[in-house]
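One structure is given below, encoded as structure tokens.
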Amino acid sequence: MSLIRRIDLRTVSDSAESETDYRAAVPRADFDIEAAVPAVHAICEEVRTRGLDAIVEFGEKFDGVRVDDIRVAPAVMQAALDDLDPDIRAGLEESIRRLRATCANELEQDAVTDLGPGARVTHRKVPVGRVGLYVPGGLAPLVSSVLMNVVPAQTAGVESIALASPPQKEFGGSVHPTILAACALLGVEEVYAVGGAQAIAMFAYGVGPCRRVDLVTGPGNIWVVTAKRILKGQVGIDSEAGPTEIAILADDTGNAAYVAADLISQAEHDPLAASVLVTTSERLATEVEAELDQQVAATKHSERITTSLGGKQSGIVLVRDLEQGLDVVNAYAAEHLEIHTEDAAAWAARVRNAGAIFVGPHAPVSLGDYCAGSNHVLPTAGCACHSSGLSVRAFTKSVHVIDYSAEALAEVAGHVVTLAEAEDLPGHGAAITVRSTR
């Protein structure tokens, strides 16, 4: 029996395709934020009203370790960097170098528009003042998420950065040392051993040694995501990211070993992770199934991966041709989309909905997770149809600066007064005419 189910869409007729909901062909895993709202709301309220005491108690309850001093000392971070394996440090440094290069190219310049003599509007890009970055530490210490959050924030010019990650019982209630080492490498000095919903509430309300932030970014479990939803009126958020997902569009030129390995790479994250292959080739589908059997049996987290691949959120989708396959992947709007086809770049150029697109057999998602120079904090759950991944832009905001002289105002004053009267707002018009009478 195959580890992963098949879904055959080849029988969908051309006339029915316009009415076919391809997004529902592969349902996502159950990730019911609404069901978690009552419990997470209670946690956030406890943090808001009881402050640091609540954070300490929740850390003891959920992470199994009591941490009375939640802020990690800079000396501890530096010691973690000093003790870091040189090869890991080299990998982090190369990832940082590549990410800084792409982030620098994302910086937007102020746009100045002169609408006439003395009439100027400037579209100014301003960095967010203070951000709180969340780095998961549950099933795996995601040190790469430190880089993906910190580097674009620093490039954007954010002056105050705080980072939170769950306390680790194994390390005496401190943050995982590899995460601390990455923080030291990047010059982040404000780090808190706080996880889950209580970390997001700490950022939003400003609790204990942590001042309130303007924006919270970073991935997390359902508790973190639900806290973001509850608190997004109190603080800005990047997104409500759910379990990770990969879709692969492939024809009969696809390498089954590569495809299977890439499906496994995302299934390794979480039992709820989604791994979806969309292919025109029944032969490739069969070969991938055989490769999955062989590769999963040999990998470390086989139980977790087997659960993910066997879930309703994963599957091999058979399509008539790549045109239908393109419709399927655009409807699915995957967090990560790989293209394993002949002329992969041409098909990738026609993709409308994906968090990130990986072109050809030598651009696996794992490359993007670490050293491609792209960001791996991406929209999930189909949100790639309207949202983008984390970037420098997430840490900036736009401000229009309006600079008009008296003459420039006089030129347009009549139009302003007319439109104000059309909206029955005479005070608006008076604010214009008073400038010509006094």
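Within each chain, counting starts at residue 1; across the structure tokens, chains are named A, B, ... in the order shown, with ligands numbered 1 upward in that order.
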
Quick one: which stretch 156-255 of chain A residues come within 10 Å of stretch 387-393 of chain A, and what is the nearest atom pair for each with the distance in Å to one decimal, counting only C-alpha atoms, rows ordered by chain and ascending number, as CSV?
```
residue,atom,partner,partner_atom,distance
A:Ala156,CA,A:Val392,CA,5.4
A:Gly157,CA,A:Val392,CA,9.1
A:Val158,CA,A:Val392,CA,9.9
A:Thr217,CA,A:Leu390,CA,8.3
A:Gly218,CA,A:Leu390,CA,8.6
A:Asp238,CA,A:Leu390,CA,7.3
A:Ser239,CA,A:Ser387,CA,8.5
```

Restricting it to all heavy atoms, dump the selection as a PDB file, in the first residue's frame.
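Once written, selection.pdb looks like this:
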```pdb
ATOM      1  N   ALA A 156      15.788  46.888   6.369  1.00  0.00           N
ATOM      2  CA  ALA A 156      14.764  47.929   6.278  1.00  0.00           C
ATOM      3  C   ALA A 156      15.095  49.139   7.141  1.00  0.00           C
ATOM      4  O   ALA A 156      14.546  50.221   6.933  1.00  0.00           O
ATOM      5  CB  ALA A 156      13.404  47.364   6.681  1.00  0.00           C
ATOM      6  N   GLY A 157      15.973  48.958   8.121  1.00  0.00           N
ATOM      7  CA  GLY A 157      16.349  50.059   8.996  1.00  0.00           C
ATOM      8  C   GLY A 157      15.644  50.061  10.329  1.00  0.00           C
ATOM      9  O   GLY A 157      15.651  51.077  11.033  1.00  0.00           O
ATOM     10  N   VAL A 158      15.030  48.932  10.711  1.00  0.00           N
ATOM     11  CA  VAL A 158      14.377  48.841  12.015  1.00  0.00           C
ATOM     12  C   VAL A 158      15.429  49.038  13.104  1.00  0.00           C
ATOM     13  O   VAL A 158      16.451  48.346  13.123  1.00  0.00           O
ATOM     14  CB  VAL A 158      13.670  47.481  12.187  1.00  0.00           C
ATOM     15  CG1 VAL A 158      13.093  47.349  13.593  1.00  0.00           C
ATOM     16  CG2 VAL A 158      12.577  47.311  11.146  1.00  0.00           C
ATOM     17  N   THR A 217       6.470  39.357  13.713  1.00  0.00           N
ATOM     18  CA  THR A 217       6.607  38.474  12.561  1.00  0.00           C
ATOM     19  C   THR A 217       7.192  37.142  13.000  1.00  0.00           C
ATOM     20  O   THR A 217       7.741  37.011  14.088  1.00  0.00           O
ATOM     21  CB  THR A 217       7.524  39.080  11.478  1.00  0.00           C
ATOM     22  OG1 THR A 217       8.882  39.048  11.922  1.00  0.00           O
ATOM     23  CG2 THR A 217       7.130  40.510  11.150  1.00  0.00           C
ATOM     24  N   GLY A 218       7.080  36.166  12.108  1.00  0.00           N
ATOM     25  CA  GLY A 218       7.679  34.857  12.358  1.00  0.00           C
ATOM     26  C   GLY A 218       6.649  33.751  12.430  1.00  0.00           C
ATOM     27  O   GLY A 218       5.514  33.974  12.846  1.00  0.00           O
ATOM     28  N   ASP A 238       2.595  39.838  10.548  1.00  0.00           N
ATOM     29  CA  ASP A 238       2.936  39.547   9.162  1.00  0.00           C
ATOM     30  C   ASP A 238       1.868  38.682   8.498  1.00  0.00           C
ATOM     31  O   ASP A 238       1.385  39.003   7.411  1.00  0.00           O
ATOM     32  CB  ASP A 238       4.316  38.879   9.075  1.00  0.00           C
ATOM     33  CG  ASP A 238       4.449  37.640   9.954  1.00  0.00           C
ATOM     34  OD1 ASP A 238       3.587  37.416  10.820  1.00  0.00           O
ATOM     35  OD2 ASP A 238       5.428  36.889   9.784  1.00  0.00           O
ATOM     36  N   SER A 239       1.469  37.594   9.131  1.00  0.00           N
ATOM     37  CA  SER A 239       0.485  36.684   8.544  1.00  0.00           C
ATOM     38  C   SER A 239       0.029  35.691   9.594  1.00  0.00           C
ATOM     39  O   SER A 239       0.569  35.642  10.698  1.00  0.00           O
ATOM     40  CB  SER A 239       1.095  35.918   7.361  1.00  0.00           C
ATOM     41  OG  SER A 239       2.124  35.053   7.814  1.00  0.00           O
TER      42      SER A 239
END
```

Would you list the contacts of stretch 47-57 of chain A as a JSON list (two decimals) with C-alpha atoms, in the first residue's frame, taking every protein, DNA or RNA residue within 10 Å and counting only C-alpha atoms, but skipping same-chain residues closer than 5 positions in sequence?
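The result, written out as around_14.json:
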```json
[["chain", "number", "residue", "atom", "x", "y", "z"],
["A", 41, "HIS", "CA", -7.62, 34.50, 24.50],
["A", 42, "ALA", "CA", -7.41, 33.42, 28.14],
["A", 62, "PHE", "CA", 3.76, 24.40, 28.47],
["A", 63, "ASP", "CA", 7.54, 24.12, 28.16],
["A", 64, "GLY", "CA", 8.20, 22.13, 31.33],
["A", 65, "VAL", "CA", 10.72, 24.54, 32.78],
["A", 66, "ARG", "CA", 10.46, 27.56, 35.07],
["A", 67, "VAL", "CA", 12.36, 30.64, 33.89],
["A", 68, "ASP", "CA", 12.22, 33.57, 36.31],
["A", 69, "ASP", "CA", 14.59, 35.76, 34.29],
["A", 70, "ILE", "CA", 13.15, 35.57, 30.78],
["A", 193, "ALA", "CA", 13.10, 32.71, 26.54],
["A", 194, "VAL", "CA", 9.35, 32.84, 25.99],
["A", 195, "GLY", "CA", 7.30, 30.69, 23.65],
["A", 196, "GLY", "CA", 3.77, 30.24, 22.38],
["A", 197, "ALA", "CA", 0.85, 32.62, 22.71],
["A", 198, "GLN", "CA", 2.41, 34.21, 25.78],
["A", 199, "ALA", "CA", 5.34, 35.43, 23.68],
["A", 200, "ILE", "CA", 3.03, 37.18, 21.21],
["A", 201, "ALA", "CA", 1.08, 38.74, 24.10],
["A", 202, "MET", "CA", 4.35, 39.89, 25.69],
["A", 204, "ALA", "CA", 1.83, 43.17, 21.98],
["A", 205, "TYR", "CA", 1.34, 44.53, 25.49],
["A", 206, "GLY", "CA", 4.91, 45.16, 26.62],
["A", 207, "VAL", "CA", 5.45, 42.95, 29.66],
["A", 208, "GLY", "CA", 8.32, 42.74, 32.13],
["A", 209, "PRO", "CA", 11.63, 43.74, 30.55],
["A", 210, "CYS", "CA", 10.13, 43.69, 27.05]]
```

Using only C-alpha atoms, find each residue in stretch 215-303 of chain A having at least one atom no more than 6 Å away from stretch 337-354 of chain A; report its shortest atom-to-atom pair and that distance in Å (one decimal), rows by chain then rising number, as CSV.
```
residue,atom,partner,partner_atom,distance
A:Ile246,CA,A:Leu337,CA,5.9
A:Ala247,CA,A:Leu337,CA,4.9
A:Ile248,CA,A:Glu338,CA,4.6
A:Leu249,CA,A:Ile339,CA,5.0
A:Ala250,CA,A:His340,CA,4.5
A:Asp251,CA,A:Thr341,CA,5.2
A:Thr253,CA,A:Thr341,CA,6.0
A:Gly254,CA,A:His340,CA,5.3
```

Include C-alpha atoms and write out the residues we just selected as a PDB file, in the first residue's frame.
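Written out: part33.pdb:
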```
ATOM      1  CA  ILE A 246       4.987  21.906  -0.956  1.00  0.00           C
ATOM      2  CA  ALA A 247       3.461  21.365  -4.390  1.00  0.00           C
ATOM      3  CA  ILE A 248       5.459  20.005  -7.305  1.00  0.00           C
ATOM      4  CA  LEU A 249       4.365  20.338 -10.936  1.00  0.00           C
ATOM      5  CA  ALA A 250       6.086  17.641 -12.998  1.00  0.00           C
ATOM      6  CA  ASP A 251       5.923  15.966 -16.378  1.00  0.00           C
ATOM      7  CA  THR A 253      11.028  14.433 -17.427  1.00  0.00           C
ATOM      8  CA  GLY A 254      10.868  14.629 -13.622  1.00  0.00           C
TER       9      GLY A 254
END
```

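Counting only C-alpha atoms and comparing A:Glu245, A:Glu421, A:Glu291, A:Glu282, the residue that lies closest to A:Ser2 is A:Glu291.
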
I need the strand (DSSP E) residues of stretch 145-350 of chain A per DSSP on the backbone, written as a VMD selection string.
chain A and resid 160 to 165 190 to 193 215 to 217 236 to 237 245 to 250 274 to 279 315 to 318 336 to 340

How about saving the chosen residues, N, CA and C atoms kept, as an mmCIF file, in the first residue's frame?
```cif
data_model
loop_
_atom_site.group_PDB
_atom_site.id
_atom_site.type_symbol
_atom_site.label_atom_id
_atom_site.label_comp_id
_atom_site.auth_asym_id
_atom_site.auth_seq_id
_atom_site.Cartn_x
_atom_site.Cartn_y
_atom_site.Cartn_z
ATOM 1 N N SER A 160 14.938 48.876 16.560
ATOM 2 C CA SER A 160 14.781 48.115 17.799
ATOM 3 C C SER A 160 14.188 46.747 17.480
ATOM 4 N N ILE A 161 14.953 45.696 17.757
ATOM 5 C CA ILE A 161 14.538 44.328 17.444
ATOM 6 C C ILE A 161 14.580 43.481 18.712
ATOM 7 N N ALA A 162 13.457 42.835 19.025
ATOM 8 C CA ALA A 162 13.386 41.865 20.117
ATOM 9 C C ALA A 162 13.033 40.508 19.520
ATOM 10 N N LEU A 163 13.570 39.452 20.075
ATOM 11 C CA LEU A 163 13.315 38.106 19.558
ATOM 12 C C LEU A 163 12.927 37.192 20.710
ATOM 13 N N ALA A 164 11.936 36.350 20.461
ATOM 14 C CA ALA A 164 11.488 35.380 21.465
ATOM 15 C C ALA A 164 11.505 33.979 20.876
ATOM 16 N N SER A 165 11.885 33.015 21.698
ATOM 17 C CA SER A 165 11.873 31.615 21.314
ATOM 18 C C SER A 165 11.641 30.798 22.580
ATOM 19 N N GLU A 190 18.584 41.610 22.255
ATOM 20 C CA GLU A 190 17.381 41.506 23.092
ATOM 21 C C GLU A 190 16.643 40.218 22.752
ATOM 22 N N VAL A 191 16.861 39.184 23.550
ATOM 23 C CA VAL A 191 16.293 37.865 23.296
ATOM 24 C C VAL A 191 15.597 37.369 24.551
ATOM 25 N N TYR A 192 14.405 36.785 24.379
ATOM 26 C CA TYR A 192 13.598 36.321 25.509
ATOM 27 C C TYR A 192 13.307 34.833 25.377
ATOM 28 N N ALA A 193 13.438 34.126 26.480
ATOM 29 C CA ALA A 193 13.104 32.705 26.541
ATOM 30 C C ALA A 193 11.622 32.570 26.860
ATOM 31 N N LEU A 215 5.184 45.640 15.542
ATOM 32 C CA LEU A 215 4.928 44.586 14.563
ATOM 33 C C LEU A 215 5.508 43.277 15.073
ATOM 34 N N VAL A 216 4.765 42.180 14.881
ATOM 35 C CA VAL A 216 5.247 40.842 15.215
ATOM 36 C C VAL A 216 5.331 40.020 13.931
ATOM 37 N N THR A 217 6.470 39.357 13.713
ATOM 38 C CA THR A 217 6.607 38.474 12.561
ATOM 39 C C THR A 217 7.192 37.142 13.000
ATOM 40 N N GLY A 236 0.726 45.052 14.894
ATOM 41 C CA GLY A 236 0.760 44.575 13.518
ATOM 42 C C GLY A 236 1.309 43.162 13.449
ATOM 43 N N ILE A 237 0.864 42.387 12.465
ATOM 44 C CA ILE A 237 1.380 41.023 12.272
ATOM 45 C C ILE A 237 1.741 40.836 10.803
ATOM 46 N N GLU A 245 3.850 23.579 3.449
ATOM 47 C CA GLU A 245 3.331 22.800 2.327
ATOM 48 C C GLU A 245 4.231 22.952 1.100
ATOM 49 N N ILE A 246 4.275 21.893 0.319
ATOM 50 C CA ILE A 246 4.987 21.906 -0.956
ATOM 51 C C ILE A 246 4.078 21.332 -2.026
ATOM 52 N N ALA A 247 4.080 21.950 -3.207
ATOM 53 C CA ALA A 247 3.461 21.365 -4.390
ATOM 54 C C ALA A 247 4.541 21.271 -5.457
ATOM 55 N N ILE A 248 4.496 20.214 -6.225
ATOM 56 C CA ILE A 248 5.459 20.005 -7.305
ATOM 57 C C ILE A 248 4.679 19.752 -8.588
ATOM 58 N N LEU A 249 4.951 20.554 -9.610
ATOM 59 C CA LEU A 249 4.365 20.338 -10.936
ATOM 60 C C LEU A 249 5.417 19.634 -11.784
ATOM 61 N N ALA A 250 5.091 18.438 -12.283
ATOM 62 C CA ALA A 250 6.086 17.641 -12.998
ATOM 63 C C ALA A 250 5.472 16.950 -14.200
ATOM 64 N N ALA A 274 1.899 19.475 4.325
ATOM 65 C CA ALA A 274 1.298 18.973 3.090
ATOM 66 C C ALA A 274 2.359 18.773 2.019
ATOM 67 N N SER A 275 2.307 17.624 1.351
ATOM 68 C CA SER A 275 3.210 17.314 0.241
ATOM 69 C C SER A 275 2.352 16.855 -0.937
ATOM 70 N N VAL A 276 2.387 17.633 -2.025
ATOM 71 C CA VAL A 276 1.485 17.396 -3.158
ATOM 72 C C VAL A 276 2.279 17.356 -4.450
ATOM 73 N N LEU A 277 2.131 16.283 -5.188
ATOM 74 C CA LEU A 277 2.713 16.176 -6.528
ATOM 75 C C LEU A 277 1.589 16.257 -7.554
ATOM 76 N N VAL A 278 1.726 17.174 -8.499
ATOM 77 C CA VAL A 278 0.782 17.314 -9.609
ATOM 78 C C VAL A 278 1.535 16.929 -10.873
ATOM 79 N N THR A 279 1.126 15.852 -11.524
ATOM 80 C CA THR A 279 1.909 15.344 -12.649
ATOM 81 C C THR A 279 1.044 14.836 -13.788
ATOM 82 N N GLY A 315 -0.937 14.275 -1.395
ATOM 83 C CA GLY A 315 -1.421 13.399 -2.449
ATOM 84 C C GLY A 315 -0.648 13.565 -3.742
ATOM 85 N N ILE A 316 -0.810 12.586 -4.630
ATOM 86 C CA ILE A 316 -0.303 12.662 -5.994
ATOM 87 C C ILE A 316 -1.504 12.907 -6.898
ATOM 88 N N VAL A 317 -1.497 14.035 -7.586
ATOM 89 C CA VAL A 317 -2.624 14.450 -8.419
ATOM 90 C C VAL A 317 -2.256 14.217 -9.880
ATOM 91 N N LEU A 318 -3.000 13.372 -10.551
ATOM 92 C CA LEU A 318 -2.778 13.091 -11.964
ATOM 93 C C LEU A 318 -3.621 14.035 -12.818
ATOM 94 N N HIS A 336 5.243 26.637 -1.111
ATOM 95 C CA HIS A 336 6.404 26.358 -1.957
ATOM 96 C C HIS A 336 5.916 25.600 -3.183
ATOM 97 N N LEU A 337 6.354 26.027 -4.368
ATOM 98 C CA LEU A 337 6.007 25.329 -5.602
ATOM 99 C C LEU A 337 7.276 25.045 -6.386
ATOM 100 N N GLU A 338 7.512 23.767 -6.676
ATOM 101 C CA GLU A 338 8.629 23.377 -7.532
ATOM 102 C C GLU A 338 8.111 23.031 -8.921
ATOM 103 N N ILE A 339 8.908 23.362 -9.943
ATOM 104 C CA ILE A 339 8.565 23.042 -11.327
ATOM 105 C C ILE A 339 9.604 22.070 -11.868
ATOM 106 N N HIS A 340 9.191 20.830 -12.111
ATOM 107 C CA HIS A 340 10.069 19.791 -12.657
ATOM 108 C C HIS A 340 9.509 19.385 -14.026
#
```

Would you list, as a compact mmCIF listing (two decimals) with N, CA, C and O atoms, in the first residue's frame, the residues of stretch 207-339 of chain A that end up in helix (DSSP H, G or I) under DSSP run on this structure's backbone?
```
# COMPACT_ATOMS: atom_id res chain seq x y z
N ILE A 222 -0.16 26.51 16.22
CA ILE A 222 -1.52 27.06 16.23
C ILE A 222 -1.73 28.05 17.36
O ILE A 222 -2.50 29.00 17.24
N TRP A 223 -1.02 27.88 18.49
CA TRP A 223 -1.15 28.81 19.60
C TRP A 223 -0.58 30.18 19.22
O TRP A 223 -1.18 31.23 19.53
N VAL A 224 0.54 30.17 18.54
CA VAL A 224 1.16 31.42 18.09
C VAL A 224 0.29 32.10 17.04
O VAL A 224 0.04 33.30 17.09
N VAL A 225 -0.18 31.32 16.08
CA VAL A 225 -0.99 31.89 15.00
C VAL A 225 -2.30 32.46 15.55
O VAL A 225 -2.74 33.54 15.15
N THR A 226 -2.92 31.75 16.48
CA THR A 226 -4.17 32.23 17.06
C THR A 226 -3.94 33.51 17.86
O THR A 226 -4.76 34.44 17.80
N ALA A 227 -2.84 33.57 18.59
CA ALA A 227 -2.53 34.80 19.34
C ALA A 227 -2.35 35.97 18.39
O ALA A 227 -2.77 37.10 18.68
N LYS A 228 -1.73 35.73 17.25
CA LYS A 228 -1.59 36.80 16.25
C LYS A 228 -2.95 37.30 15.80
O LYS A 228 -3.17 38.52 15.67
N ARG A 229 -3.87 36.36 15.54
CA ARG A 229 -5.21 36.78 15.10
C ARG A 229 -5.91 37.61 16.18
O ARG A 229 -6.52 38.64 15.89
N ILE A 230 -5.81 37.18 17.41
CA ILE A 230 -6.49 37.87 18.50
C ILE A 230 -5.90 39.26 18.74
O ILE A 230 -6.63 40.22 19.00
N LEU A 231 -4.60 39.37 18.60
CA LEU A 231 -3.91 40.61 18.99
C LEU A 231 -3.59 41.55 17.84
O LEU A 231 -2.98 42.59 18.05
N ALA A 256 12.29 10.97 -10.30
CA ALA A 256 11.46 10.46 -9.20
C ALA A 256 12.18 10.55 -7.86
O ALA A 256 11.56 10.85 -6.83
N ALA A 257 13.48 10.32 -7.84
CA ALA A 257 14.24 10.37 -6.58
C ALA A 257 14.25 11.79 -6.03
O ALA A 257 14.11 12.01 -4.83
N TYR A 258 14.43 12.78 -6.94
CA TYR A 258 14.43 14.18 -6.52
C TYR A 258 13.06 14.58 -5.97
O TYR A 258 12.94 15.21 -4.92
N VAL A 259 12.03 14.23 -6.73
CA VAL A 259 10.67 14.61 -6.35
C VAL A 259 10.30 14.01 -5.00
O VAL A 259 9.78 14.71 -4.12
N ALA A 260 10.60 12.73 -4.81
CA ALA A 260 10.27 12.08 -3.54
C ALA A 260 11.03 12.72 -2.38
O ALA A 260 10.46 12.98 -1.32
N ALA A 261 12.30 13.01 -2.59
CA ALA A 261 13.10 13.63 -1.53
C ALA A 261 12.53 14.99 -1.15
O ALA A 261 12.52 15.36 0.04
N ASP A 262 12.06 15.74 -2.13
CA ASP A 262 11.53 17.07 -1.85
C ASP A 262 10.17 17.00 -1.14
O ASP A 262 9.87 17.82 -0.27
N LEU A 263 9.36 16.03 -1.50
CA LEU A 263 8.10 15.82 -0.78
C LEU A 263 8.38 15.47 0.68
O LEU A 263 7.72 15.98 1.60
N ILE A 264 9.37 14.63 0.90
CA ILE A 264 9.75 14.22 2.25
C ILE A 264 10.28 15.41 3.05
O ILE A 264 10.01 15.56 4.25
N SER A 265 11.03 16.29 2.38
CA SER A 265 11.66 17.41 3.09
C SER A 265 10.63 18.30 3.79
O SER A 265 10.91 18.83 4.87
N GLN A 266 9.48 18.46 3.18
CA GLN A 266 8.45 19.27 3.83
C GLN A 266 7.64 18.45 4.83
O GLN A 266 7.24 18.95 5.88
N ALA A 267 7.39 17.19 4.52
CA ALA A 267 6.68 16.32 5.46
C ALA A 267 7.44 16.18 6.77
O ALA A 267 6.84 15.92 7.83
N GLU A 282 1.80 9.10 -15.28
CA GLU A 282 1.47 8.02 -14.37
C GLU A 282 2.72 7.20 -14.03
O GLU A 282 2.86 6.71 -12.92
N ARG A 283 3.65 7.11 -14.99
CA ARG A 283 4.90 6.42 -14.72
C ARG A 283 5.68 7.12 -13.61
O ARG A 283 6.17 6.46 -12.68
N LEU A 284 5.78 8.44 -13.68
CA LEU A 284 6.49 9.18 -12.64
C LEU A 284 5.80 8.99 -11.30
O LEU A 284 6.47 8.81 -10.27
N ALA A 285 4.47 9.02 -11.29
CA ALA A 285 3.73 8.83 -10.04
C ALA A 285 4.09 7.50 -9.39
O ALA A 285 4.33 7.42 -8.18
N THR A 286 4.13 6.46 -10.19
CA THR A 286 4.46 5.13 -9.67
C THR A 286 5.89 5.08 -9.15
O THR A 286 6.17 4.50 -8.09
N GLU A 287 6.81 5.69 -9.89
CA GLU A 287 8.21 5.70 -9.46
C GLU A 287 8.39 6.52 -8.18
O GLU A 287 9.19 6.16 -7.31
N VAL A 288 7.65 7.62 -8.06
CA VAL A 288 7.74 8.44 -6.84
C VAL A 288 7.21 7.65 -5.65
O VAL A 288 7.79 7.70 -4.55
N GLU A 289 6.12 6.92 -5.84
CA GLU A 289 5.60 6.09 -4.75
C GLU A 289 6.64 5.09 -4.27
O GLU A 289 6.83 4.89 -3.06
N ALA A 290 7.34 4.47 -5.21
CA ALA A 290 8.38 3.51 -4.84
C ALA A 290 9.54 4.20 -4.12
O ALA A 290 10.09 3.67 -3.13
N GLU A 291 9.92 5.36 -4.59
CA GLU A 291 10.99 6.13 -3.96
C GLU A 291 10.59 6.55 -2.54
O GLU A 291 11.42 6.55 -1.62
N LEU A 292 9.35 6.95 -2.35
CA LEU A 292 8.89 7.33 -1.02
C LEU A 292 9.01 6.17 -0.05
O LEU A 292 9.47 6.33 1.09
N ASP A 293 8.60 4.99 -0.49
CA ASP A 293 8.72 3.80 0.37
C ASP A 293 10.16 3.60 0.81
O ASP A 293 10.45 3.36 2.00
N GLN A 294 11.08 3.73 -0.13
CA GLN A 294 12.48 3.47 0.16
C GLN A 294 13.10 4.59 1.00
O GLN A 294 13.78 4.33 2.01
N GLN A 295 12.85 5.85 0.62
CA GLN A 295 13.50 6.97 1.30
C GLN A 295 12.93 7.22 2.70
O GLN A 295 13.68 7.56 3.62
N VAL A 296 11.63 7.10 2.86
CA VAL A 296 11.03 7.33 4.18
C VAL A 296 11.55 6.30 5.19
O VAL A 296 11.84 6.63 6.34
N ALA A 297 11.68 5.06 4.76
CA ALA A 297 12.15 4.01 5.66
C ALA A 297 13.57 4.29 6.15
O ALA A 297 13.95 3.86 7.25
N ALA A 298 14.34 5.04 5.36
CA ALA A 298 15.74 5.28 5.71
C ALA A 298 15.97 6.60 6.43
O ALA A 298 17.09 6.88 6.85
N SER A 302 10.85 9.18 10.33
CA SER A 302 9.95 8.43 9.45
C SER A 302 8.51 8.42 9.95
O SER A 302 7.56 8.48 9.14
N GLU A 303 8.30 8.36 11.25
CA GLU A 303 6.93 8.32 11.78
C GLU A 303 6.19 9.61 11.48
O GLU A 303 5.04 9.60 11.00
N ARG A 304 6.85 10.73 11.74
CA ARG A 304 6.26 12.04 11.46
C ARG A 304 5.97 12.21 9.97
O ARG A 304 4.91 12.69 9.56
N ILE A 305 6.92 11.78 9.14
CA ILE A 305 6.79 11.92 7.69
C ILE A 305 5.67 11.04 7.16
O ILE A 305 4.87 11.45 6.31
N THR A 306 5.59 9.82 7.67
CA THR A 306 4.54 8.90 7.24
C THR A 306 3.16 9.47 7.55
O THR A 306 2.23 9.38 6.73
N THR A 307 3.01 10.06 8.72
CA THR A 307 1.73 10.69 9.09
C THR A 307 1.39 11.82 8.14
O THR A 307 0.24 11.95 7.69
N SER A 308 2.37 12.63 7.82
CA SER A 308 2.14 13.76 6.92
C SER A 308 1.76 13.29 5.51
O SER A 308 0.78 13.76 4.93
N LEU A 309 2.53 12.36 4.98
CA LEU A 309 2.26 11.89 3.62
C LEU A 309 0.93 11.15 3.52
O LEU A 309 0.27 11.18 2.48
N GLY A 310 0.54 10.51 4.62
CA GLY A 310 -0.72 9.77 4.60
C GLY A 310 -1.93 10.60 4.93
O GLY A 310 -3.07 10.11 4.85
N LEU A 322 -0.06 19.71 -18.87
CA LEU A 322 0.50 20.74 -18.00
C LEU A 322 -0.40 21.97 -17.90
O LEU A 322 -0.33 22.71 -16.92
N GLU A 323 -1.24 22.19 -18.89
CA GLU A 323 -2.19 23.30 -18.79
C GLU A 323 -3.15 23.05 -17.62
O GLU A 323 -3.42 23.95 -16.82
N GLN A 324 -3.68 21.84 -17.54
CA GLN A 324 -4.53 21.51 -16.41
C GLN A 324 -3.72 21.52 -15.12
O GLN A 324 -4.20 22.00 -14.08
N GLY A 325 -2.49 21.03 -15.17
CA GLY A 325 -1.64 21.06 -13.98
C GLY A 325 -1.40 22.47 -13.49
O GLY A 325 -1.40 22.73 -12.28
N LEU A 326 -1.19 23.41 -14.42
CA LEU A 326 -1.00 24.81 -14.05
C LEU A 326 -2.24 25.36 -13.37
O LEU A 326 -2.14 26.09 -12.37
N ASP A 327 -3.41 25.00 -13.89
CA ASP A 327 -4.66 25.43 -13.25
C ASP A 327 -4.75 24.89 -11.82
O ASP A 327 -5.19 25.60 -10.90
N VAL A 328 -4.34 23.64 -11.63
CA VAL A 328 -4.41 23.03 -10.31
C VAL A 328 -3.47 23.73 -9.33
O VAL A 328 -3.88 24.08 -8.21
N VAL A 329 -2.22 23.96 -9.73
CA VAL A 329 -1.27 24.57 -8.79
C VAL A 329 -1.61 26.03 -8.53
O VAL A 329 -1.38 26.55 -7.42
N ASN A 330 -2.15 26.73 -9.52
CA ASN A 330 -2.58 28.11 -9.28
C ASN A 330 -3.77 28.15 -8.31
O ASN A 330 -3.87 29.04 -7.48
N ALA A 331 -4.65 27.18 -8.42
CA ALA A 331 -5.80 27.13 -7.50
C ALA A 331 -5.35 26.74 -6.10
O ALA A 331 -5.84 27.29 -5.11
N TYR A 332 -4.40 25.83 -6.01
CA TYR A 332 -3.91 25.37 -4.71
C TYR A 332 -3.10 26.46 -4.00
O TYR A 332 -3.15 26.59 -2.78
```
